[in-house]
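J.: This is the content of protein27.cif (mmCIF, C-alpha atoms):
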```
data_model
#
loop_
_atom_site.label_atom_id
_atom_site.label_comp_id
_atom_site.auth_asym_id
_atom_site.auth_seq_id
_atom_site.Cartn_x
_atom_site.Cartn_y
_atom_site.Cartn_z
CA MET K 1 85.99 150.81 69.98
CA LYS K 2 82.88 149.22 71.43
CA THR K 3 83.80 145.83 69.92
CA LYS K 4 87.32 146.05 71.34
CA ALA K 5 85.91 146.91 74.77
CA ILE K 6 83.67 143.86 74.73
CA ILE K 7 86.55 141.57 73.72
CA PHE K 8 88.80 143.08 76.40
CA SER K 9 86.07 142.70 79.03
CA ALA K 10 85.49 139.03 78.10
CA SER K 11 89.23 138.30 78.16
CA LEU K 12 89.53 139.93 81.55
CA ALA K 13 86.61 137.88 82.89
CA LEU K 14 88.23 134.66 81.69
CA SER K 15 91.57 135.56 83.21
CA VAL K 16 90.12 136.31 86.64
CA VAL K 17 89.76 132.96 88.38
CA SER K 18 89.36 132.67 92.12
CA PRO K 19 92.22 131.10 94.14
CA ALA K 20 89.76 128.48 95.44
CA ALA K 21 88.93 127.39 91.89
CA LEU K 22 92.61 127.18 90.97
CA SER K 23 93.28 125.20 94.13
CA GLY K 24 90.50 122.76 93.23
CA VAL K 25 91.90 122.22 89.74
CA ALA K 26 95.40 121.71 91.13
CA ALA K 27 94.10 119.20 93.67
CA GLN K 28 92.35 117.22 90.96
CA GLN K 29 95.48 117.18 88.84
CA ALA K 30 97.64 116.18 91.82
CA THR K 31 95.40 113.29 92.91
CA PRO K 32 97.04 110.08 91.70
CA PRO K 33 94.84 107.52 89.94
CA LEU K 34 93.74 104.57 92.04
CA ALA K 35 94.34 100.96 91.05
CA THR K 36 92.61 97.66 91.78
CA ALA K 37 93.80 94.17 92.62
CA ILE K 38 91.85 90.94 93.02
CA PHE K 39 92.98 88.04 95.22
CA ALA K 40 91.33 84.88 96.50
CA GLY K 41 92.57 83.22 99.66
CA GLY K 42 89.67 81.24 101.03
CA CYS K 43 86.84 82.82 103.01
CA PHE K 44 86.63 86.44 101.90
CA TRP K 45 85.76 87.57 105.43
CA CYS K 46 89.30 86.71 106.46
CA MET K 47 91.03 88.31 103.48
CA GLU K 48 89.74 91.82 104.12
CA PRO K 49 91.52 92.57 107.46
CA PRO K 50 95.18 92.18 106.34
CA PHE K 51 94.64 94.50 103.38
CA ASP K 52 92.54 97.02 105.31
CA ALA K 53 95.51 97.39 107.67
CA LEU K 54 97.78 98.66 104.87
CA ASP K 55 98.37 102.38 104.47
CA GLY K 56 97.35 103.23 100.93
CA VAL K 57 94.48 100.76 100.66
CA VAL K 58 91.30 102.73 100.03
CA SER K 59 88.77 99.90 100.23
CA THR K 60 88.29 96.15 100.17
CA THR K 61 85.21 94.44 98.78
CA SER K 62 84.27 90.80 99.25
CA GLY K 63 82.86 89.09 96.20
CA TYR K 64 83.01 86.36 93.59
CA THR K 65 85.20 86.02 90.52
CA SER K 66 86.52 83.65 87.86
CA GLY K 67 83.20 81.90 87.37
CA LYS K 68 80.60 81.42 84.65
CA ARG K 69 77.29 82.59 86.13
CA VAL K 70 76.17 86.22 85.96
CA ASN K 71 75.43 87.89 89.29
CA PRO K 72 75.85 84.79 91.45
CA THR K 73 74.52 84.71 95.00
CA TYR K 74 76.35 83.50 98.09
CA ALA K 75 74.16 80.41 98.21
CA GLU K 76 74.92 79.57 94.57
CA VAL K 77 78.67 80.06 94.94
CA SER K 78 78.75 78.12 98.22
CA ALA K 79 77.07 75.19 96.50
CA GLY K 80 80.10 75.02 94.19
CA GLY K 81 78.25 75.01 90.88
CA THR K 82 79.04 78.45 89.46
CA GLY K 83 82.80 78.12 89.02
CA HIS K 84 83.45 81.22 91.10
CA THR K 85 85.83 81.57 94.00
CA GLU K 86 85.40 83.86 96.99
CA ALA K 87 87.71 86.82 96.49
CA VAL K 88 88.45 90.37 97.56
CA LYS K 89 88.82 93.40 95.31
CA ILE K 90 91.26 95.95 96.67
CA VAL K 91 91.25 99.58 95.62
CA TYR K 92 94.55 101.21 96.48
CA ASN K 93 96.77 104.23 95.94
CA PRO K 94 99.91 103.07 94.07
CA SER K 95 101.84 106.09 95.35
CA LYS K 96 101.43 104.80 98.90
CA VAL K 97 101.38 101.02 98.54
CA SER K 98 102.76 98.96 95.67
CA TYR K 99 101.29 95.94 93.94
CA GLU K 100 104.38 94.05 95.11
CA LYS K 101 103.43 94.81 98.73
CA LEU K 102 99.90 93.60 98.11
CA LEU K 103 101.34 90.36 96.72
CA GLU K 104 103.52 89.94 99.80
CA VAL K 105 100.51 90.32 102.08
CA PHE K 106 98.46 87.98 99.91
CA TRP K 107 101.01 85.14 99.93
CA ARG K 108 101.38 85.27 103.70
CA ASN K 109 97.65 85.15 104.29
CA HIS K 110 96.70 81.95 102.50
CA ASP K 111 97.80 78.35 102.09
CA PRO K 112 99.44 78.05 98.65
CA LEU K 113 99.88 74.28 98.91
CA THR K 114 96.24 73.21 99.00
CA ALA K 115 94.11 73.02 95.86
CA ASN K 116 90.36 73.71 95.95
CA ALA K 117 90.33 74.40 99.68
CA GLN K 118 91.60 76.80 102.29
CA PHE K 119 91.87 75.78 105.92
CA CYS K 120 88.55 74.24 107.02
CA ASP K 121 86.66 75.31 103.88
CA LYS K 122 86.59 72.77 101.07
CA GLY K 123 85.62 73.13 97.44
CA SER K 124 86.71 75.03 94.33
CA GLN K 125 84.79 78.07 95.58
CA TYR K 126 87.60 78.46 98.13
CA ARG K 127 90.53 77.99 95.76
CA ALA K 128 93.34 80.52 96.02
CA GLY K 129 94.22 82.79 93.13
CA ILE K 130 95.72 85.99 91.81
CA TYR K 131 93.57 87.63 89.14
CA TYR K 132 95.72 90.08 87.21
CA GLY K 133 94.49 93.03 85.19
CA THR K 134 97.71 93.91 83.35
CA GLU K 135 100.76 92.14 81.98
CA THR K 136 102.86 93.85 84.65
CA GLU K 137 100.68 92.38 87.38
CA LYS K 138 100.93 88.97 85.71
CA ARG K 139 104.72 89.18 85.58
CA LEU K 140 105.00 90.26 89.21
CA ALA K 141 102.59 87.56 90.38
CA GLU K 142 104.43 84.82 88.50
CA SER K 143 107.84 86.04 89.68
CA THR K 144 106.79 86.01 93.34
CA LYS K 145 105.28 82.55 92.97
CA SER K 146 108.47 81.30 91.33
CA ALA K 147 110.66 82.90 93.99
CA ILE K 148 108.73 81.25 96.81
CA GLN K 149 108.83 77.89 95.06
CA LYS K 150 112.59 78.15 94.50
CA SER K 151 113.29 79.38 98.03
CA GLY K 152 113.09 75.86 99.41
CA ARG K 153 110.53 76.85 102.03
CA PHE K 154 108.07 74.30 100.69
CA GLN K 155 108.68 70.82 99.33
CA GLN K 156 105.21 70.65 97.80
CA PRO K 157 104.29 72.56 94.63
CA ILE K 158 102.47 75.88 94.91
CA VAL K 159 98.99 75.48 93.46
CA THR K 160 97.71 79.06 93.76
CA GLU K 161 96.31 79.94 90.35
CA ILE K 162 97.37 83.03 88.41
CA VAL K 163 94.84 83.90 85.72
CA ALA K 164 93.49 86.98 83.97
CA ALA K 165 90.81 88.84 85.87
CA THR K 166 87.23 88.42 84.74
CA THR K 167 84.07 90.05 86.08
CA PHE K 168 84.10 90.59 89.82
CA TYR K 169 80.69 90.47 91.49
CA PRO K 170 80.42 92.12 94.92
CA ALA K 171 78.95 89.84 97.56
CA GLU K 172 75.81 90.69 99.49
CA GLU K 173 76.08 93.59 101.94
CA SER K 174 75.96 91.25 104.95
CA HIS K 175 79.37 89.88 103.89
CA GLN K 176 81.08 93.25 103.56
CA ASP K 177 83.34 94.16 106.54
CA TYR K 178 82.06 91.06 108.32
CA TYR K 179 84.93 91.13 110.80
CA ILE K 180 83.90 94.63 111.87
CA LYS K 181 80.14 94.06 111.93
CA ASN K 182 80.32 90.66 113.66
CA PRO K 183 83.59 90.57 115.62
CA VAL K 184 82.61 87.72 117.97
CA ARG K 185 81.29 85.45 115.21
CA TYR K 186 84.25 86.31 113.01
CA LYS K 187 86.78 85.46 115.72
CA TYR K 188 85.02 82.17 116.45
CA TYR K 189 84.95 81.20 112.79
CA SER K 190 88.57 82.19 112.12
CA THR K 191 89.85 80.40 115.23
CA SER K 192 87.81 77.23 114.79
CA CYS K 193 88.81 77.06 111.12
CA GLY K 194 92.48 76.90 112.16
CA ARG K 195 93.53 79.73 109.89
CA ALA K 196 96.11 81.40 112.16
CA ARG K 197 97.59 78.06 113.20
CA ARG K 198 98.11 76.93 109.62
CA LEU K 199 99.53 80.29 108.53
CA ASN K 200 102.05 80.13 111.36
CA GLU K 201 103.07 76.64 110.24
CA LEU K 202 103.56 77.84 106.68
CA TRP K 203 105.11 81.27 107.15
CA GLY K 204 106.13 81.58 110.78
CA ARG K 205 105.09 84.35 113.12
#
```
Please express the file's structure as structure tokens.

T.:
Amino acid sequence: MKTKAIIFSASLALSVVSPAALSGVAAQQATPPLATAIFAGGCFWCMEPPFDALDGVVSTTSGYTSGKRVNPTYAEVSAGGTGHTEAVKIVYNPSKVSYEKLLEVFWRNHDPLTANAQFCDKGSQYRAGIYYGTETEKRLAESTKSAIQKSGRFQQPIVTEIVAATTFYPAEESHQDYYIKNPVRYKYYSTSCGRARRLNELWGR
């Protein structure tokens, strides 16, 4: 009888779980997994704002990708010798914003007709690209590129590269959220670089 009482007591203890604990478990199970996307569209300062404005985007990080040097610095990438391009890594909630929507925003925020440059910035470190992590992302990226090319909007070929994602290295902290930390300098740079003017020429207002 004593053994049975101990077993019963243990079973009862296991079955009594507080509502708060159950709620926490349910919340964890209900939280959808986040996804990441990597795009390059010239100066990474200017690629953060359009994605930050999207509902469902959790964070944007400026950095370097598709290069050959480990842990490159801004000075090294800017010199053009590492093979990297300035890019942004986007963490997002797929239940709120789709990868297709991210692609739409990406295309309309860079110049797809210019190789190894974007706006006033020249060099392969400013080349535009989509860096896919899955075959689905690759298919969607290639289909949107093909659709734009076939639409007749542009007579020139689209040169935005679509390649498999490699290591993404976050840029120095001073480059993160630059448009928020340095609004006056950011506005001056963006305006003087002719970014908005060129985007309006390409995509309209």

J.: Listing only residues of stretch 77-156 of chain K within 6 Å of stretch 31-44 of chain K, what is the closest atom pair and its distance in Å (to one decimal) for each, using all atoms listed in the file, sorted by chain and residue number ascending, as CSV?

T.:
```
residue,atom,partner,partner_atom,distance
K:Glu86,CA,K:Phe44,CA,5.7
K:Ala87,CA,K:Ala40,CA,4.1
K:Val88,CA,K:Phe39,CA,5.6
K:Lys89,CA,K:Ile38,CA,4.5
K:Ile90,CA,K:Ala37,CA,5.1
K:Val91,CA,K:Thr36,CA,4.5
K:Tyr92,CA,K:Ala35,CA,5.4
K:Asn93,CA,K:Leu34,CA,5.0
K:His110,CA,K:Gly41,CA,5.2
K:Gln118,CA,K:Gly42,CA,5.0
K:Tyr126,CA,K:Gly42,CA,4.5
K:Ala128,CA,K:Gly41,CA,4.6
K:Gly129,CA,K:Ala40,CA,4.9
K:Ile130,CA,K:Phe39,CA,4.8
K:Tyr131,CA,K:Ile38,CA,5.4
```

J.: I need the residues from that last selection saved to file as a tab-separated table (two decimals), keeping the file's coordinate frame (with C-alpha atoms), if you can.

T.:
```
chain	number	residue	atom	x	y	z
K	86	GLU	CA	85.40	83.86	96.99
K	87	ALA	CA	87.71	86.82	96.49
K	88	VAL	CA	88.45	90.37	97.56
K	89	LYS	CA	88.82	93.40	95.31
K	90	ILE	CA	91.26	95.95	96.67
K	91	VAL	CA	91.25	99.58	95.62
K	92	TYR	CA	94.55	101.21	96.48
K	93	ASN	CA	96.77	104.23	95.94
K	110	HIS	CA	96.70	81.95	102.50
K	118	GLN	CA	91.60	76.80	102.29
K	126	TYR	CA	87.60	78.46	98.13
K	128	ALA	CA	93.34	80.52	96.02
K	129	GLY	CA	94.22	82.79	93.13
K	130	ILE	CA	95.72	85.99	91.81
K	131	TYR	CA	93.57	87.63	89.14
```

J.: List the neighbours of K:Leu113 out to 9 Å using all atoms listed in the file; skip same-chain residues closer than 4 positions along the sequence, and give me the result as a ChimeraX atom specification.

T.: /K:154,156-160

J.: For each of K:Asn182, K:Ser151, K:Thr114, K:Ser98, take the minimum atom-to-atom distance to K:Leu54, counting only C-alpha atoms, then give the residue where this is smallest.

T.: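 Counting only C-alpha atoms, the residue closest to K:Leu54 is K:Ser98.
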
J.: Quick one, how far is atom CA of K:Ala171 from atom CA of K:Val70?

T.: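 Interatomic distance, atom CA of K:Ala171 to atom CA of K:Val70: 12.5 Å.
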
J.: Which is closer to K:Tyr179 than all the others in K:Asn109, K:Ser62, K:Asp55, K:Gly80, using all atoms listed in the file?

T.: K:Ser62

J.: Report as a count of residues only the residues that result from applying the PyMOL selection byres ((chain K and resi 140) around 12) to the structure here.

T.: 25

J.: Could you check how far atom CA of K:Pro72 sits from atom CA of K:Asp121, in Å to one decimal?

T.: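 For atom CA of K:Pro72 relative to atom CA of K:Asp121, the distance reads 19.0 Å.
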
J.: Given the choices K:Glu201, K:Arg127, K:Thr73, K:Asp111, which gets closest to K:Glu173 if the distance is worked out from all atoms listed in the file?

T.: K:Thr73

J.: For K:Ser190, please output as a ChimeraX atom specification all residues within 12 Å (counting all atoms listed in the file; exclusion window: fewer than 2 positions along the same chain).

T.: /K:42-47,49,118-121,178-179,182-188,192-199

J.: Quick one: distance from atom CA of K:Thr82 to atom CA of K:Glu161 in Å, one decimal?

T.: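 Atom CA of K:Glu161 lies at a distance of 17.4 Å from atom CA of K:Thr82.
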
J.: Rank K:Gln176, K:Gln125, K:Thr60, K:Asn200 by their smallest atom-to-atom distance to K:Val77, using all atoms listed in the file, and report the top residue only.

T.: K:Gln125

J.: Find, counting only C-alpha atoms, the residue in K:Arg153, K:Ala79, K:Ser174, K:Val163 that gets nearest to K:Gly204.

T.: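 Looking at the shortest contact to K:Gly204, the residue is K:Arg153.
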
J.: Can you save stretch 156-187 of chain K of the given block to a file, including N, CA and C atoms and formatted as a PDB file, in the first residue's frame?

T.:
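The result, written out as selection_11.pdb:
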```pdb
ATOM      1  N   GLN K 156      17.428  46.932 -71.564  1.00  0.00           N
ATOM      2  CA  GLN K 156      18.726  46.374 -71.194  1.00  0.00           C
ATOM      3  C   GLN K 156      18.539  45.101 -70.373  1.00  0.00           C
ATOM      4  N   PRO K 157      19.534  44.224 -70.381  1.00  0.00           N
ATOM      5  CA  PRO K 157      19.435  42.992 -69.571  1.00  0.00           C
ATOM      6  C   PRO K 157      19.557  43.294 -68.085  1.00  0.00           C
ATOM      7  N   ILE K 158      18.902  42.487 -67.276  1.00  0.00           N
ATOM      8  CA  ILE K 158      19.013  42.600 -65.822  1.00  0.00           C
ATOM      9  C   ILE K 158      20.277  41.862 -65.387  1.00  0.00           C
ATOM     10  N   VAL K 159      21.125  42.548 -64.647  1.00  0.00           N
ATOM     11  CA  VAL K 159      22.419  41.966 -64.280  1.00  0.00           C
ATOM     12  C   VAL K 159      22.524  41.626 -62.791  1.00  0.00           C
ATOM     13  N   THR K 160      21.446  41.796 -62.050  1.00  0.00           N
ATOM     14  CA  THR K 160      21.433  41.424 -60.630  1.00  0.00           C
ATOM     15  C   THR K 160      21.750  39.939 -60.502  1.00  0.00           C
ATOM     16  N   GLU K 161      22.760  39.602 -59.696  1.00  0.00           N
ATOM     17  CA  GLU K 161      23.136  38.203 -59.577  1.00  0.00           C
ATOM     18  C   GLU K 161      22.227  37.451 -58.608  1.00  0.00           C
ATOM     19  N   ILE K 162      22.034  36.174 -58.888  1.00  0.00           N
ATOM     20  CA  ILE K 162      21.267  35.291 -58.018  1.00  0.00           C
ATOM     21  C   ILE K 162      22.154  34.085 -57.740  1.00  0.00           C
ATOM     22  N   VAL K 163      22.702  34.014 -56.542  1.00  0.00           N
ATOM     23  CA  VAL K 163      23.644  32.948 -56.199  1.00  0.00           C
ATOM     24  C   VAL K 163      23.340  32.425 -54.791  1.00  0.00           C
ATOM     25  N   ALA K 164      23.828  31.240 -54.516  1.00  0.00           N
ATOM     26  CA  ALA K 164      23.618  30.634 -53.199  1.00  0.00           C
ATOM     27  C   ALA K 164      24.284  31.470 -52.107  1.00  0.00           C
ATOM     28  N   ALA K 165      23.613  31.577 -50.997  1.00  0.00           N
ATOM     29  CA  ALA K 165      24.142  32.348 -49.872  1.00  0.00           C
ATOM     30  C   ALA K 165      25.387  31.686 -49.295  1.00  0.00           C
ATOM     31  N   THR K 166      26.345  32.505 -48.955  1.00  0.00           N
ATOM     32  CA  THR K 166      27.534  32.044 -48.240  1.00  0.00           C
ATOM     33  C   THR K 166      27.555  32.768 -46.893  1.00  0.00           C
ATOM     34  N   THR K 167      28.673  32.748 -46.215  1.00  0.00           N
ATOM     35  CA  THR K 167      28.734  33.379 -44.898  1.00  0.00           C
ATOM     36  C   THR K 167      28.431  34.866 -44.978  1.00  0.00           C
ATOM     37  N   PHE K 168      27.570  35.306 -44.093  1.00  0.00           N
ATOM     38  CA  PHE K 168      27.243  36.728 -43.968  1.00  0.00           C
ATOM     39  C   PHE K 168      27.949  37.270 -42.742  1.00  0.00           C
ATOM     40  N   TYR K 169      28.742  38.323 -42.925  1.00  0.00           N
ATOM     41  CA  TYR K 169      29.462  38.932 -41.809  1.00  0.00           C
ATOM     42  C   TYR K 169      28.828  40.279 -41.465  1.00  0.00           C
ATOM     43  N   PRO K 170      28.300  40.428 -40.261  1.00  0.00           N
ATOM     44  CA  PRO K 170      27.723  41.718 -39.865  1.00  0.00           C
ATOM     45  C   PRO K 170      28.770  42.817 -39.926  1.00  0.00           C
ATOM     46  N   ALA K 171      28.354  43.979 -40.385  1.00  0.00           N
ATOM     47  CA  ALA K 171      29.260  45.126 -40.442  1.00  0.00           C
ATOM     48  C   ALA K 171      29.460  45.689 -39.040  1.00  0.00           C
ATOM     49  N   GLU K 172      30.392  46.603 -38.918  1.00  0.00           N
ATOM     50  CA  GLU K 172      30.670  47.240 -37.649  1.00  0.00           C
ATOM     51  C   GLU K 172      29.413  47.938 -37.111  1.00  0.00           C
ATOM     52  N   GLU K 173      29.336  48.082 -35.809  1.00  0.00           N
ATOM     53  CA  GLU K 173      28.141  48.641 -35.160  1.00  0.00           C
ATOM     54  C   GLU K 173      27.792  50.033 -35.684  1.00  0.00           C
ATOM     55  N   SER K 174      28.797  50.810 -36.058  1.00  0.00           N
ATOM     56  CA  SER K 174      28.537  52.174 -36.541  1.00  0.00           C
ATOM     57  C   SER K 174      27.717  52.184 -37.829  1.00  0.00           C
ATOM     58  N   HIS K 175      27.677  51.055 -38.536  1.00  0.00           N
ATOM     59  CA  HIS K 175      26.918  50.985 -39.787  1.00  0.00           C
ATOM     60  C   HIS K 175      25.498  50.452 -39.588  1.00  0.00           C
ATOM     61  N   GLN K 176      25.209  49.918 -38.417  1.00  0.00           N
ATOM     62  CA  GLN K 176      23.878  49.378 -38.171  1.00  0.00           C
ATOM     63  C   GLN K 176      22.890  50.524 -37.895  1.00  0.00           C
ATOM     64  N   ASP K 177      21.716  50.470 -38.550  1.00  0.00           N
ATOM     65  CA  ASP K 177      20.684  51.506 -38.368  1.00  0.00           C
ATOM     66  C   ASP K 177      21.254  52.905 -38.596  1.00  0.00           C
ATOM     67  N   TYR K 178      22.112  53.029 -39.590  1.00  0.00           N
ATOM     68  CA  TYR K 178      22.772  54.322 -39.831  1.00  0.00           C
ATOM     69  C   TYR K 178      21.761  55.424 -40.090  1.00  0.00           C
ATOM     70  N   TYR K 179      20.697  55.097 -40.797  1.00  0.00           N
ATOM     71  CA  TYR K 179      19.706  56.123 -41.135  1.00  0.00           C
ATOM     72  C   TYR K 179      18.957  56.640 -39.911  1.00  0.00           C
ATOM     73  N   ILE K 180      18.945  55.851 -38.841  1.00  0.00           N
ATOM     74  CA  ILE K 180      18.315  56.279 -37.599  1.00  0.00           C
ATOM     75  C   ILE K 180      19.314  57.049 -36.726  1.00  0.00           C
ATOM     76  N   LYS K 181      20.534  56.545 -36.659  1.00  0.00           N
ATOM     77  CA  LYS K 181      21.552  57.166 -35.812  1.00  0.00           C
ATOM     78  C   LYS K 181      22.067  58.486 -36.386  1.00  0.00           C
ATOM     79  N   ASN K 182      22.110  58.574 -37.710  1.00  0.00           N
ATOM     80  CA  ASN K 182      22.678  59.759 -38.378  1.00  0.00           C
ATOM     81  C   ASN K 182      21.729  60.248 -39.476  1.00  0.00           C
ATOM     82  N   PRO K 183      20.542  60.694 -39.117  1.00  0.00           N
ATOM     83  CA  PRO K 183      19.538  61.048 -40.123  1.00  0.00           C
ATOM     84  C   PRO K 183      19.964  62.151 -41.091  1.00  0.00           C
ATOM     85  N   VAL K 184      20.674  63.160 -40.600  1.00  0.00           N
ATOM     86  CA  VAL K 184      21.085  64.267 -41.474  1.00  0.00           C
ATOM     87  C   VAL K 184      22.137  63.797 -42.477  1.00  0.00           C
ATOM     88  N   ARG K 185      23.146  63.093 -41.987  1.00  0.00           N
ATOM     89  CA  ARG K 185      24.198  62.585 -42.878  1.00  0.00           C
ATOM     90  C   ARG K 185      23.627  61.565 -43.859  1.00  0.00           C
ATOM     91  N   TYR K 186      22.711  60.740 -43.381  1.00  0.00           N
ATOM     92  CA  TYR K 186      22.104  59.738 -44.257  1.00  0.00           C
ATOM     93  C   TYR K 186      21.316  60.407 -45.376  1.00  0.00           C
ATOM     94  N   LYS K 187      20.518  61.398 -45.038  1.00  0.00           N
ATOM     95  CA  LYS K 187      19.714  62.087 -46.047  1.00  0.00           C
ATOM     96  C   LYS K 187      20.605  62.772 -47.075  1.00  0.00           C
TER      97      LYS K 187
END
```
